[in-house]
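A.B. asks: The following file, start-v1.cif, comprises mmCIF, C-alpha atoms:
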data_run
#
loop_
_atom_site.label_atom_id
_atom_site.label_comp_id
_atom_site.auth_asym_id
_atom_site.auth_seq_id
_atom_site.Cartn_x
_atom_site.Cartn_y
_atom_site.Cartn_z
CA MET A 1 133.79 -77.00 -151.23
CA ASP A 2 131.79 -73.86 -151.81
CA GLU A 3 133.12 -71.26 -154.18
CA PHE A 4 133.23 -67.66 -153.00
CA THR A 5 131.98 -65.76 -155.98
CA LEU A 6 131.82 -61.98 -155.95
CA SER A 7 128.06 -61.97 -155.45
CA ARG A 8 128.27 -64.47 -152.59
CA ILE A 9 130.97 -62.44 -150.86
CA PHE A 10 128.87 -59.33 -151.22
CA ILE A 11 125.69 -61.02 -149.94
CA ASN A 12 127.54 -62.40 -146.90
CA LEU A 13 128.91 -58.97 -146.08
CA VAL A 14 125.48 -57.38 -146.39
CA ILE A 15 123.98 -60.02 -144.10
CA ALA A 16 126.66 -59.30 -141.49
CA THR A 17 125.99 -55.57 -141.84
CA ARG A 18 122.72 -56.07 -140.00
CA TRP A 19 124.74 -56.68 -136.83
CA THR A 20 126.71 -53.50 -137.44
CA ILE A 21 123.42 -51.62 -137.60
CA ILE A 22 121.92 -53.37 -134.55
CA LEU A 23 125.03 -52.75 -132.45
CA SER A 24 125.11 -49.10 -133.57
CA LEU A 25 121.48 -48.65 -132.55
CA ILE A 26 122.04 -50.27 -129.14
CA ALA A 27 125.08 -48.06 -128.54
CA PHE A 28 123.27 -44.96 -129.73
CA VAL A 29 120.11 -45.48 -127.66
CA GLY A 30 121.98 -46.70 -124.56
CA GLY A 31 124.62 -44.02 -125.00
CA GLY A 32 121.92 -41.39 -125.43
CA LEU A 33 120.20 -42.33 -122.16
CA VAL A 34 123.42 -42.48 -120.13
CA GLY A 35 124.74 -39.43 -121.98
CA ALA A 36 121.70 -37.36 -120.96
CA LEU A 37 122.40 -38.26 -117.34
CA ILE A 38 126.08 -37.38 -117.74
CA ALA A 39 125.22 -34.01 -119.31
CA LEU A 40 122.84 -33.18 -116.44
CA MET A 41 125.46 -34.19 -113.86
CA ARG A 42 128.05 -32.11 -115.67
CA ILE A 43 125.98 -28.88 -115.47
CA SER A 44 124.82 -29.60 -111.91
CA SER A 45 125.87 -27.15 -109.21
CA ASN A 46 126.66 -30.16 -107.00
CA LYS A 47 130.46 -30.37 -107.07
CA LEU A 48 130.62 -34.13 -106.50
CA LEU A 49 128.20 -35.01 -109.33
CA SER A 50 129.99 -32.62 -111.65
CA ARG A 51 133.43 -34.09 -110.79
CA ILE A 52 132.28 -37.69 -111.26
CA SER A 53 130.80 -36.94 -114.67
CA TRP A 54 133.96 -35.01 -115.63
CA LEU A 55 136.11 -38.02 -114.74
CA TYR A 56 133.75 -40.33 -116.65
CA ILE A 57 134.03 -38.18 -119.78
CA GLU A 58 137.83 -37.84 -119.44
CA PHE A 59 138.25 -41.60 -119.07
CA PHE A 60 136.10 -42.69 -122.00
CA GLN A 61 137.24 -39.87 -124.30
CA GLY A 62 140.88 -40.21 -123.30
CA THR A 63 141.35 -43.98 -123.68
CA PRO A 64 141.17 -46.04 -126.87
CA LEU A 65 137.79 -47.63 -127.61
CA LEU A 66 139.68 -50.86 -128.27
CA LEU A 67 140.87 -50.97 -124.64
CA GLN A 68 137.37 -50.24 -123.38
CA LEU A 69 136.23 -53.28 -125.36
CA PHE A 70 139.06 -55.40 -123.91
CA LEU A 71 138.14 -54.28 -120.37
CA ALA A 72 134.46 -55.11 -120.90
CA PHE A 73 135.16 -58.47 -122.54
CA PHE A 74 138.34 -59.89 -120.94
CA GLY A 75 138.72 -57.72 -117.82
CA PHE A 76 135.14 -58.09 -116.63
CA SER A 77 135.04 -61.87 -116.95
CA VAL A 78 138.40 -62.38 -115.21
CA VAL A 79 137.38 -60.24 -112.24
CA THR A 80 133.77 -61.37 -111.78
CA GLY A 81 133.90 -64.86 -113.24
CA ILE A 82 130.91 -63.98 -115.43
CA ASN A 83 131.52 -64.54 -119.12
CA LEU A 84 129.86 -61.92 -121.27
CA SER A 85 129.08 -62.74 -124.88
CA PRO A 86 130.94 -60.56 -127.40
CA LEU A 87 127.64 -58.82 -128.21
CA VAL A 88 126.92 -57.87 -124.59
CA ALA A 89 130.51 -56.78 -123.93
CA ALA A 90 130.54 -54.72 -127.13
CA ALA A 91 127.17 -53.17 -126.27
CA ILE A 92 128.42 -52.15 -122.81
CA ALA A 93 131.72 -50.71 -124.04
CA LEU A 94 130.15 -48.85 -126.96
CA THR A 95 127.37 -47.50 -124.73
CA ALA A 96 129.95 -46.12 -122.29
CA TYR A 97 132.01 -44.67 -125.14
CA THR A 98 128.98 -43.10 -126.85
CA SER A 99 127.55 -41.70 -123.62
CA ALA A 100 130.79 -39.87 -122.80
CA PHE A 101 130.87 -38.13 -126.17
CA LEU A 102 127.12 -37.39 -126.33
CA GLY A 103 127.19 -36.20 -122.71
CA ASP A 104 129.97 -33.77 -123.59
CA ILE A 105 128.24 -32.57 -126.78
CA TRP A 106 124.97 -31.99 -124.93
CA ARG A 107 126.68 -30.25 -122.01
CA GLY A 108 128.22 -27.88 -124.55
CA SER A 109 124.84 -27.24 -126.16
CA ILE A 110 123.17 -26.52 -122.82
CA GLN A 111 125.95 -24.18 -121.74
CA ALA A 112 125.82 -22.37 -125.08
CA VAL A 113 122.34 -21.12 -124.18
CA PRO A 114 122.89 -17.63 -122.71
CA ARG A 115 122.92 -17.37 -118.90
CA GLY A 116 120.22 -14.72 -119.07
CA GLN A 117 117.70 -17.32 -120.22
CA TRP A 118 118.11 -19.18 -116.92
CA GLN A 119 117.83 -15.96 -114.96
CA ALA A 120 114.74 -14.82 -116.85
CA ALA A 121 113.06 -18.18 -116.33
CA SER A 122 113.92 -18.06 -112.65
CA ALA A 123 112.66 -14.49 -112.39
CA ILE A 124 109.21 -15.48 -113.63
CA GLY A 125 109.10 -18.18 -110.96
CA PHE A 126 110.13 -21.43 -112.70
CA GLY A 127 111.89 -24.09 -110.59
CA TYR A 128 115.19 -25.65 -111.77
CA PHE A 129 113.69 -28.49 -113.78
CA ASP A 130 111.00 -26.28 -115.34
CA GLN A 131 113.69 -23.80 -116.36
CA LEU A 132 115.63 -26.64 -117.90
CA LYS A 133 112.69 -28.37 -119.55
CA LEU A 134 110.67 -25.40 -120.82
CA ILE A 135 113.28 -22.74 -121.52
CA ILE A 136 116.81 -24.13 -121.85
CA LEU A 137 116.46 -27.57 -123.46
CA PRO A 138 114.29 -26.46 -126.40
CA GLN A 139 117.04 -24.01 -127.35
CA ALA A 140 119.87 -26.43 -126.57
CA VAL A 141 118.34 -29.23 -128.67
CA ARG A 142 118.52 -27.03 -131.72
CA LEU A 143 122.28 -26.66 -131.22
CA ALA A 144 122.79 -30.32 -130.35
CA ILE A 145 121.05 -32.01 -133.30
CA ALA A 146 123.75 -31.60 -135.96
CA PRO A 147 126.73 -32.78 -133.84
CA THR A 148 124.62 -35.64 -132.46
CA VAL A 149 123.82 -36.93 -135.94
CA GLY A 150 127.48 -36.42 -136.85
CA PHE A 151 128.55 -38.52 -133.89
CA LEU A 152 126.34 -41.38 -135.05
CA VAL A 153 128.90 -41.80 -137.85
CA GLN A 154 131.63 -42.26 -135.22
CA VAL A 155 129.47 -44.88 -133.48
CA ILE A 156 128.97 -46.89 -136.67
CA LYS A 157 132.70 -46.77 -137.40
CA GLY A 158 133.41 -47.64 -133.78
CA THR A 159 131.40 -50.86 -134.00
CA SER A 160 134.05 -52.19 -136.39
CA LEU A 161 136.34 -52.65 -133.36
CA ALA A 162 133.83 -55.09 -131.83
CA SER A 163 135.13 -57.51 -134.46
CA ILE A 164 138.38 -57.71 -132.46
CA ILE A 165 136.66 -59.26 -129.43
CA GLY A 166 134.98 -61.75 -131.75
CA PHE A 167 131.62 -60.19 -132.49
CA THR A 168 130.65 -61.06 -136.05
CA GLU A 169 129.53 -57.85 -137.70
CA LEU A 170 130.64 -56.42 -141.03
CA SER A 171 134.37 -56.09 -140.27
CA ARG A 172 134.71 -59.56 -138.77
CA ALA A 173 132.73 -61.11 -141.62
CA ALA A 174 135.15 -59.40 -144.00
CA SER A 175 138.17 -60.74 -142.07
CA LEU A 176 136.73 -64.27 -141.99
CA ILE A 177 135.99 -64.31 -145.72
CA ASN A 178 139.42 -62.83 -146.33
CA ASN A 179 141.06 -65.68 -144.42
CA VAL A 180 139.47 -68.15 -146.83
CA THR A 181 139.69 -66.33 -150.15
CA LEU A 182 142.73 -64.08 -149.59
CA GLN A 183 141.22 -61.50 -151.94
CA SER A 184 141.97 -58.74 -149.45
CA LEU A 185 141.78 -55.77 -151.79
CA LEU A 186 138.33 -56.77 -153.01
CA ILE A 187 136.89 -57.79 -149.65
CA PHE A 188 138.07 -54.85 -147.56
CA GLY A 189 137.19 -52.57 -150.46
CA LEU A 190 133.63 -53.93 -150.45
CA ALA A 191 133.40 -53.67 -146.66
CA GLY A 192 134.60 -50.07 -146.89
CA LEU A 193 131.96 -49.41 -149.54
CA ILE A 194 129.18 -50.73 -147.30
CA TYR A 195 130.39 -48.61 -144.37
CA PHE A 196 130.52 -45.63 -146.70
CA ALA A 197 126.94 -46.28 -147.81
CA LEU A 198 125.87 -46.24 -144.14
CA CYS A 199 127.92 -43.25 -143.02
CA TYR A 200 127.98 -40.84 -145.94
CA PRO A 201 124.24 -40.01 -145.90
CA LEU A 202 124.46 -39.34 -142.16
CA SER A 203 127.53 -37.12 -142.60
CA THR A 204 125.89 -34.99 -145.28
CA TRP A 205 122.65 -34.87 -143.31
CA SER A 206 124.57 -33.63 -140.27
CA GLN A 207 126.31 -30.94 -142.34
CA ARG A 208 123.01 -29.81 -143.82
CA LEU A 209 121.40 -29.66 -140.38
CA GLU A 210 124.31 -27.62 -139.12
CA LYS A 211 123.72 -24.96 -141.77
CA LYS A 212 119.95 -25.05 -141.34
CA LEU A 213 119.83 -24.89 -137.55
CA ALA A 214 122.61 -22.36 -136.98
CA TYR A 215 121.50 -19.21 -135.17
CA LYS A 216 122.00 -16.27 -137.47
CA MET B 1 133.52 -61.65 -105.89
CA ASP B 2 136.67 -63.24 -104.52
CA TYR B 3 139.10 -62.00 -107.12
CA SER B 4 142.39 -60.71 -105.75
CA PHE B 5 143.98 -58.01 -107.86
CA ASP B 6 147.63 -58.51 -108.60
CA PHE B 7 149.41 -55.74 -110.44
CA SER B 8 152.83 -57.39 -110.18
CA VAL B 9 152.48 -58.40 -113.83
CA ILE B 10 152.86 -54.70 -114.67
CA TRP B 11 156.06 -54.14 -112.66
CA ASP B 12 157.57 -57.45 -113.77
CA ASN B 13 157.09 -56.61 -117.44
CA PHE B 14 157.63 -52.89 -117.38
CA GLY B 15 160.20 -53.11 -120.17
CA VAL B 16 157.69 -54.73 -122.54
CA LEU B 17 155.16 -51.98 -121.88
CA LEU B 18 157.80 -49.28 -122.24
CA ALA B 19 158.88 -50.63 -125.63
CA GLY B 20 155.23 -50.67 -126.70
CA ALA B 21 154.65 -47.13 -125.47
CA TRP B 22 157.70 -45.98 -127.42
CA LEU B 23 156.24 -47.29 -130.69
CA THR B 24 152.85 -45.74 -129.84
CA LEU B 25 154.58 -42.39 -129.35
CA ARG B 26 156.59 -42.70 -132.56
CA LEU B 27 153.54 -43.73 -134.58
CA SER B 28 151.54 -40.81 -133.19
CA LEU B 29 154.25 -38.27 -133.99
CA LEU B 30 154.87 -39.56 -137.51
CA ALA B 31 151.14 -39.86 -138.26
CA VAL B 32 150.51 -36.28 -137.15
CA ALA B 33 153.58 -34.91 -138.97
CA PHE B 34 152.87 -36.64 -142.29
CA GLY B 35 149.13 -36.19 -141.86
CA LEU B 36 149.53 -32.43 -141.43
CA VAL B 37 151.55 -32.23 -144.65
CA ILE B 38 148.76 -34.13 -146.42
CA GLY B 39 146.23 -31.85 -144.75
CA ILE B 40 147.95 -28.66 -145.90
CA VAL B 41 148.23 -29.95 -149.49
CA GLY B 42 144.63 -31.20 -149.32
CA SER B 43 143.35 -27.86 -148.08
CA LEU B 44 145.21 -26.08 -150.89
CA PHE B 45 143.45 -28.42 -153.34
CA ARG B 46 140.11 -27.73 -151.65
CA THR B 47 140.50 -23.95 -151.85
CA SER B 48 142.28 -23.84 -155.23
CA GLY B 49 139.16 -23.09 -157.26
CA ASN B 50 140.21 -25.86 -159.65
CA ARG B 51 137.27 -28.27 -159.86
CA LEU B 52 139.37 -31.35 -160.54
CA LEU B 53 141.76 -30.76 -157.64
CA ASN B 54 138.87 -29.87 -155.33
CA GLY B 55 137.00 -33.01 -156.41
CA ILE B 56 139.98 -35.27 -155.75
CA ALA B 57 140.57 -33.79 -152.30
CA LEU B 58 136.87 -33.91 -151.43
CA ALA B 59 136.55 -37.57 -152.50
CA TYR B 60 139.61 -38.42 -150.39
CA VAL B 61 138.21 -36.63 -147.33
CA GLU B 62 134.75 -38.20 -147.63
CA ILE B 63 136.03 -41.75 -148.23
CA ILE B 64 138.36 -41.65 -145.23
CA ARG B 65 135.94 -39.92 -142.87
CA ASN B 66 133.08 -42.29 -143.68
CA THR B 67 134.87 -45.64 -143.30
CA PRO B 68 136.34 -47.19 -140.14
CA TYR B 69 140.06 -46.88 -139.55
CA LEU B 70 140.27 -50.67 -139.02
CA ILE B 71 139.10 -51.27 -142.61
CA GLN B 72 141.56 -48.68 -143.94
CA LEU B 73 144.37 -50.41 -142.07
CA PHE B 74 143.41 -53.88 -143.34
CA PHE B 75 142.98 -52.56 -146.89
CA ILE B 76 146.50 -51.13 -146.86
CA PHE B 77 148.22 -53.97 -144.99
CA PHE B 78 146.45 -57.01 -146.51
CA GLY B 79 145.13 -55.51 -149.74
CA LEU B 80 147.97 -53.50 -151.23
CA PRO B 81 150.44 -56.42 -151.57
CA ALA B 82 148.15 -57.67 -154.36
CA LEU B 83 149.15 -54.53 -156.24
CA GLY B 84 152.82 -55.25 -155.54
CA LEU B 85 153.09 -52.85 -152.60
CA LYS B 86 154.25 -54.90 -149.63
CA LEU B 87 154.53 -52.92 -146.41
CA SER B 88 155.80 -54.05 -143.02
CA ALA B 89 153.35 -53.78 -140.12
CA GLU B 90 154.96 -50.57 -138.91
CA GLN B 91 155.05 -49.02 -142.38
CA ALA B 92 151.39 -49.91 -142.98
CA ALA B 93 150.53 -48.43 -139.58
CA ILE B 94 152.28 -45.13 -140.32
CA VAL B 95 150.89 -44.85 -143.86
CA SER B 96 147.30 -45.62 -142.82
CA LEU B 97 147.42 -43.35 -139.75
CA ALA B 98 148.86 -40.48 -141.82
CA ILE B 99 146.23 -40.94 -144.54
CA ASN B 100 143.53 -40.99 -141.88
CA PHE B 101 144.83 -37.90 -140.05
CA GLY B 102 145.37 -36.15 -143.38
CA ALA B 103 141.69 -36.35 -144.27
CA TYR B 104 140.54 -34.78 -141.02
CA SER B 105 143.25 -32.13 -141.03
CA THR B 106 142.42 -31.22 -144.66
CA GLU B 107 139.02 -30.02 -143.53
CA ILE B 108 140.36 -28.37 -140.37
CA VAL B 109 143.09 -26.44 -142.21
CA ARG B 110 140.66 -25.44 -144.95
CA ALA B 111 138.27 -24.03 -142.34
CA GLY B 112 141.18 -22.04 -140.88
CA VAL B 113 142.24 -20.55 -144.19
CA GLU B 114 138.65 -19.66 -145.07
CA SER B 115 138.16 -17.99 -141.70
CA ILE B 116 140.49 -15.13 -142.68
CA PRO B 117 138.55 -12.24 -144.25
CA LYS B 118 139.70 -11.36 -147.77
CA GLY B 119 140.01 -7.73 -146.79
CA GLN B 120 142.93 -8.55 -144.49
CA VAL B 121 144.90 -10.07 -147.36
CA GLU B 122 144.10 -7.09 -149.56
CA ALA B 123 145.07 -4.69 -146.81
CA GLY B 124 148.39 -6.49 -146.39
CA LEU B 125 149.11 -6.28 -150.11
CA ALA B 126 148.07 -2.62 -150.14
CA ILE B 127 150.65 -1.63 -147.56
CA GLY B 128 153.34 -3.32 -149.63
CA PHE B 129 153.74 -6.84 -148.18
CA ASN B 130 154.52 -9.46 -150.77
CA LYS B 131 152.35 -12.57 -151.03
CA LEU B 132 154.63 -14.73 -148.89
CA ASP B 133 154.76 -12.11 -146.14
CA VAL B 134 150.99 -11.74 -146.23
CA PHE B 135 150.66 -15.49 -145.87
CA ARG B 136 153.24 -15.71 -143.07
CA HIS B 137 152.27 -12.68 -141.00
CA ILE B 138 148.62 -12.04 -141.79
CA VAL B 139 146.98 -15.33 -142.75
CA ILE B 140 148.81 -18.05 -140.80
CA PRO B 141 148.79 -16.72 -137.20
CA PRO B 142 145.05 -16.02 -136.86
CA ALA B 143 144.14 -19.05 -139.02
CA LEU B 144 146.18 -21.32 -136.75
CA ALA B 145 144.65 -19.71 -133.66
CA ASN B 146 141.16 -20.35 -135.08
CA ILE B 147 141.70 -24.04 -135.77
CA TYR B 148 144.05 -24.76 -132.89
CA SER B 149 141.57 -26.47 -130.57
CA SER B 150 140.05 -28.70 -133.29
CA LEU B 151 143.54 -29.64 -134.39
CA VAL B 152 144.55 -30.61 -130.85
CA GLY B 153 141.35 -32.66 -130.52
CA GLN B 154 142.19 -34.49 -133.72
CA VAL B 155 145.76 -35.17 -132.55
CA ILE B 156 144.36 -36.79 -129.40
CA LEU B 157 142.02 -38.97 -131.49
CA ALA B 158 145.02 -39.97 -133.64
CA VAL B 159 146.96 -41.06 -130.54
CA LEU B 160 144.01 -43.22 -129.46
CA PHE B 161 143.61 -44.63 -132.98
CA THR B 162 147.16 -45.98 -132.92
CA SER B 163 145.95 -48.76 -130.58
CA VAL B 164 144.21 -50.40 -133.56
CA VAL B 165 147.54 -51.13 -135.28
CA SER B 166 148.07 -53.90 -132.70
CA GLN B 167 145.70 -55.91 -134.93
CA ILE B 168 148.30 -56.21 -137.69
CA ALA B 169 150.91 -57.11 -135.07
CA ALA B 170 152.65 -53.75 -135.01
CA GLU B 171 154.16 -53.93 -131.54
CA ASP B 172 152.64 -50.86 -129.91
CA LEU B 173 151.40 -50.40 -126.34
CA THR B 174 148.15 -52.29 -126.95
CA TYR B 175 150.03 -55.14 -128.62
CA ALA B 176 152.29 -55.34 -125.57
CA GLY B 177 149.12 -55.64 -123.46
CA ASN B 178 147.74 -58.45 -125.65
CA TYR B 179 151.08 -60.21 -125.39
CA LEU B 180 151.16 -60.05 -121.60
CA ASP B 181 147.48 -60.98 -121.30
CA ALA B 182 147.99 -64.14 -123.35
CA ARG B 183 150.78 -65.21 -120.96
CA THR B 184 149.43 -64.17 -117.56
CA PHE B 185 145.61 -63.91 -117.94
CA ARG B 186 145.71 -60.81 -115.75
CA SER B 187 143.37 -59.12 -118.24
CA PHE B 188 141.86 -56.53 -115.95
CA GLU B 189 145.13 -55.35 -114.41
CA ILE B 190 146.82 -55.15 -117.80
CA TYR B 191 144.11 -53.39 -119.77
CA PHE B 192 143.27 -51.03 -116.92
CA THR B 193 146.92 -50.01 -116.62
CA LEU B 194 147.10 -49.56 -120.38
CA ALA B 195 144.01 -47.36 -120.32
CA ILE B 196 145.61 -45.20 -117.63
CA LEU B 197 148.84 -44.98 -119.65
CA TYR B 198 146.92 -43.80 -122.73
CA LEU B 199 145.06 -41.31 -120.55
CA ALA B 200 148.41 -40.04 -119.24
CA ILE B 201 149.66 -39.59 -122.80
CA VAL B 202 146.47 -37.72 -123.71
CA TRP B 203 146.82 -35.44 -120.68
CA ILE B 204 150.46 -34.72 -121.56
CA VAL B 205 149.37 -33.78 -125.09
CA LYS B 206 146.67 -31.52 -123.64
CA ALA B 207 149.14 -29.88 -121.24
CA LEU B 208 151.67 -29.30 -124.04
CA ALA B 209 148.90 -27.89 -126.21
CA TYR B 210 147.95 -25.49 -123.43
CA VAL B 211 151.55 -24.30 -123.00
CA ILE B 212 151.91 -23.77 -126.76
CA GLU B 213 148.61 -21.93 -126.88
CA SER B 214 149.50 -19.50 -124.13
CA ARG B 215 152.93 -18.93 -125.67
CA PHE B 216 151.90 -18.37 -129.30
CA PHE B 217 148.19 -17.68 -129.48
CA GLU B 218 147.72 -15.29 -126.57
CA PHE B 219 146.84 -12.56 -129.09
CA ALA B 220 143.76 -14.51 -130.18
CA LYS B 221 142.09 -13.77 -126.84
CA TYR B 222 142.18 -10.03 -127.39
CA ARG B 223 140.71 -9.69 -130.84
CA GLN B 224 137.07 -9.56 -131.53
#
As structure tokens - that is how I would like this structure written.
C.D. replies:
Amino acid sequence: MDEFTLSRIFINLVIATRWTIILSLIAFVGGGLVGALIALMRISSNKLLSRISWLYIEFFQGTPLLLQLFLAFFGFSVVTGINLSPLVAAAIALTAYTSAFLGDIWRGSIQAVPRGQWQAASAIGFGYFDQLKLIILPQAVRLAIAPTVGFLVQVIKGTSLASIIGFTELSRAASLINNVTLQSLLIFGLAGLIYFALCYPLSTWSQRLEKKLAYK
Amino acid sequence: MDYSFDFSVIWDNFGVLLAGAWLTLRLSLLAVAFGLVIGIVGSLFRTSGNRLLNGIALAYVEIIRNTPYLIQLFFIFFGLPALGLKLSAEQAAIVSLAINFGAYSTEIVRAGVESIPKGQVEAGLAIGFNKLDVFRHIVIPPALANIYSSLVGQVILAVLFTSVVSQIAAEDLTYAGNYLDARTFRSFEIYFTLAILYLAIVWIVKALAYVIESRFFEFAKYRQ
């Protein structure tokens, strides 16, 4: 029988952390792509597109991430008969969750650019997408960067819930080791420390960006 | 796809879901109430000018905001008994939710207090208000108006967070869903209904927040 020494516990947690990071990256990239689409739909003058994206944001911001994971993992397989692996289900749910929040953040950033900028761009003959691409987005991006980096922290923390549908990342590794060793204080303390090491630099970076990029 | 949806599991077990929703509601209310008290004390620490108090409050805020709630919950429920502090599932849920909400509200309340220009306090004192009156009539109303929307947003997140307490077998709405799912395998119907119920709770909170805002913070619209 193997002994769980402090160093072995720590090494096992760090190894599992790689899946926390991979899942966060998948959710962030996937959520960014879908989120960009949602933001564009949200600011569209087409009522239907705008309504659909509003409902999408309301649903994924107004329901617990845990239930979104349950729907993707248990609900999807019961209805379609296709069994998703915990990784795929977690990636889908976290992508949907992330895209709703990023879509809303980016919509806010785009709408914070003064109306006159659109009108000026239109007056000098730019079409809709040129107005957006050349005039509005460069200004909106500046406003969006800090909250986007800040939200990455929420994504990393959110991946911990993937442990509940059986995906072995940092939190599940901690629970599994805890079941064997019963040194809960130590193990969840260490897991918390690793999450902190991932999130704290991003939080402070986001705060610094916010100060640096604010319009004065 | 030849799946036939059957929502009868919801109607047949409405009592189970209702009992779960009741705990979800109670947990949310207690977490927000205790969390706000922590937040007010924390923000006083943060703005006290005392480096030790500020450091303690800042460390608390950063630790909570940069670790997942699930780990905080497990640390308190599974970890603290080793220190002789044994909590029931519901107690651990309330304590961890309040500690979590407290960290976020510390920063929100601090931002509100700092948003009031010093000159307003001085003006209040100059026309003969005492400190308590200045705080009550000059600082609190506009400070609350300034932070109101972030506070409401955080309350909504706290309501959604309560679903995680199902993992330590606190019998909330999500736990009720897990319970029914394990017996009927109607996963989609159950979790979809649960999602809609949470959404309904969130919309009720938003509607209440709107009513309160138009009743108490109407003045905030007219100042610039």
A.B. asks: If I put a ball of radius 12 Å at (154.7, -48.4, -142.8) in the file's coordinates, which residues poke into it when counting all atoms listed in the file, written as a PDB file with C-alpha atoms, in the coordinates of the input?
C.D. replies:
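Final output, saved to selection_38.pdb:
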ATOM      1  CA  ARG B  26     156.590 -42.700-132.560  1.00  0.00           C
ATOM      2  CA  LEU B  27     153.540 -43.730-134.580  1.00  0.00           C
ATOM      3  CA  LEU B  30     154.870 -39.560-137.510  1.00  0.00           C
ATOM      4  CA  ALA B  31     151.140 -39.860-138.260  1.00  0.00           C
ATOM      5  CA  PHE B  34     152.870 -36.640-142.290  1.00  0.00           C
ATOM      6  CA  LEU B  73     144.370 -50.410-142.070  1.00  0.00           C
ATOM      7  CA  ILE B  76     146.500 -51.130-146.860  1.00  0.00           C
ATOM      8  CA  PHE B  77     148.220 -53.970-144.990  1.00  0.00           C
ATOM      9  CA  LEU B  80     147.970 -53.500-151.230  1.00  0.00           C
ATOM     10  CA  LEU B  85     153.090 -52.850-152.600  1.00  0.00           C
ATOM     11  CA  LYS B  86     154.250 -54.900-149.630  1.00  0.00           C
ATOM     12  CA  LEU B  87     154.530 -52.920-146.410  1.00  0.00           C
ATOM     13  CA  SER B  88     155.800 -54.050-143.020  1.00  0.00           C
ATOM     14  CA  ALA B  89     153.350 -53.780-140.120  1.00  0.00           C
ATOM     15  CA  GLU B  90     154.960 -50.570-138.910  1.00  0.00           C
ATOM     16  CA  GLN B  91     155.050 -49.020-142.380  1.00  0.00           C
ATOM     17  CA  ALA B  92     151.390 -49.910-142.980  1.00  0.00           C
ATOM     18  CA  ALA B  93     150.530 -48.430-139.580  1.00  0.00           C
ATOM     19  CA  ILE B  94     152.280 -45.130-140.320  1.00  0.00           C
ATOM     20  CA  VAL B  95     150.890 -44.850-143.860  1.00  0.00           C
ATOM     21  CA  SER B  96     147.300 -45.620-142.820  1.00  0.00           C
ATOM     22  CA  LEU B  97     147.420 -43.350-139.750  1.00  0.00           C
ATOM     23  CA  ALA B  98     148.860 -40.480-141.820  1.00  0.00           C
ATOM     24  CA  ILE B  99     146.230 -40.940-144.540  1.00  0.00           C
ATOM     25  CA  VAL B 165     147.540 -51.130-135.280  1.00  0.00           C
ATOM     26  CA  ILE B 168     148.300 -56.210-137.690  1.00  0.00           C
ATOM     27  CA  ALA B 170     152.650 -53.750-135.010  1.00  0.00           C
TER      28      ALA B 170
END
A.B. asks: Care to translate the PyMOL selection byres ((chain B) within 9 of (chain A)) into actual residues of this file, as a PyMOL selection string?
C.D. replies: chain B and resi 1-5+62-72+74-76+78-83+156-157+159-164+167+174+185-192+194-203
A.B. asks: What is the atom CA of Phe217 of chain B-atom CA of Asn146 of chain B distance in Å, reported with one decimal?
C.D. replies: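 Spanning atom CA of Phe217 of chain B to atom CA of Asn146 of chain B is a straight-line distance of 9.4 Å.
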A.B. asks: Using the chain letters and residue numbers of this document, give as a list in words the residues selected by the PyMOL selection byres ((chain B and resi 38) around 8).
C.D. replies: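 This file, filtered by the PyMOL selection byres ((chain B and resi 38) around 8), leaves Phe34, Gly35, Leu36, Val37, Gly39, Ile40, Val41, Gly42, Ala98, Ile99, Gly102, Ala103, Ser105 and Thr106 of chain B.
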A.B. asks: Name all residues at most 12 Å from Leu37 of chain A (count all atoms listed in the file; drop same-chain ones fewer than 2 positions away) and give them as a PyMOL selection string.
C.D. replies: chain A and resi 30-35+39-44+49-50+52-53+56-57+96+99-100+102-104+106-107
A.B. asks: Just to confirm, what's the straight-line distance from atom CA of Ile22 of chain A to atom CA of Phe167 of chain A in Å (one decimal)?
C.D. replies: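 Rounded to one decimal, the two atoms are 12.0 Å apart.
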A.B. asks: With a distance cut-off of 12 Å and only C-alpha atoms, select the neighbouring residues of segment 124-132 of chain A, excluding the residue or stretch itself and same-chain residues fewer than 3 positions from it, and output the selection as a list in words.
C.D. replies: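 Non-adjacent residues within range: Leu40, Ile43, Ser44, Ser45, Ile110, Gln111, Val113, Arg115, Gly116, Gln117, Trp118, Gln119, Ala120, Ala121, Ile135, Ile136, Leu137, Pro138, Gln139, Ala140 and Val141 of chain A.
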A.B. asks: Could you tell me how far atom CA of Thr148 of chain A sits from atom CA of Ile165 of chain A, in Å to one decimal place?
C.D. replies: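 Atom CA of Thr148 of chain A lies 26.7 Å from atom CA of Ile165 of chain A.
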A.B. asks: Which one is closest to Leu176 of chain A: A:Thr95, A:Ser122, A:Asn12, A:Ser206? Count all atoms listed in the file.
C.D. replies: A:Asn12
A.B. asks: Do a neighbour search on Ile15 of chain A at 10 Å with all atoms listed in the file, toss out local chain neighbours closer than 3 positions, and write the hits as a list in words.
C.D. replies: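 The residues satisfying every condition are Phe10, Ile11, Asn12, Arg18, Trp19, Thr20, Glu169, Leu170 and Ala173 of chain A.
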A.B. asks: The PyMOL selection byres ((chain A and resi 213) around 12) - which residues does that actually catch in the file I just gave you? List them as an MDAnalysis selection string.
C.D. replies: chainID A and resid 139:147 205:212 214:216
A.B. asks: Compute the distance from (148.1, -30.2, -124.8) to each atom, counting all atoms listed in the file, keep the residues with any atom at most 12 Å away, and return them as an NGL selection string; use the coordinates of the file.
C.D. replies: :B and (148-156 or 200-214)
A.B. asks: Can you pull out every residue within 9 Å of Val16 of chain B, counting only C-alpha atoms, but drop anything in the same chain fewer than 4 positions away, and send it as a compact mmCIF listing (two decimals) with C-alpha atoms, keeping the file's coordinate frame?
C.D. replies:
# COMPACT_ATOMS: atom_id res chain seq x y z
CA GLY B 20 155.23 -50.67 -126.70
CA ALA B 21 154.65 -47.13 -125.47
CA LEU B 173 151.40 -50.40 -126.34
CA ALA B 176 152.29 -55.34 -125.57
CA GLY B 177 149.12 -55.64 -123.46
CA LEU B 180 151.16 -60.05 -121.60
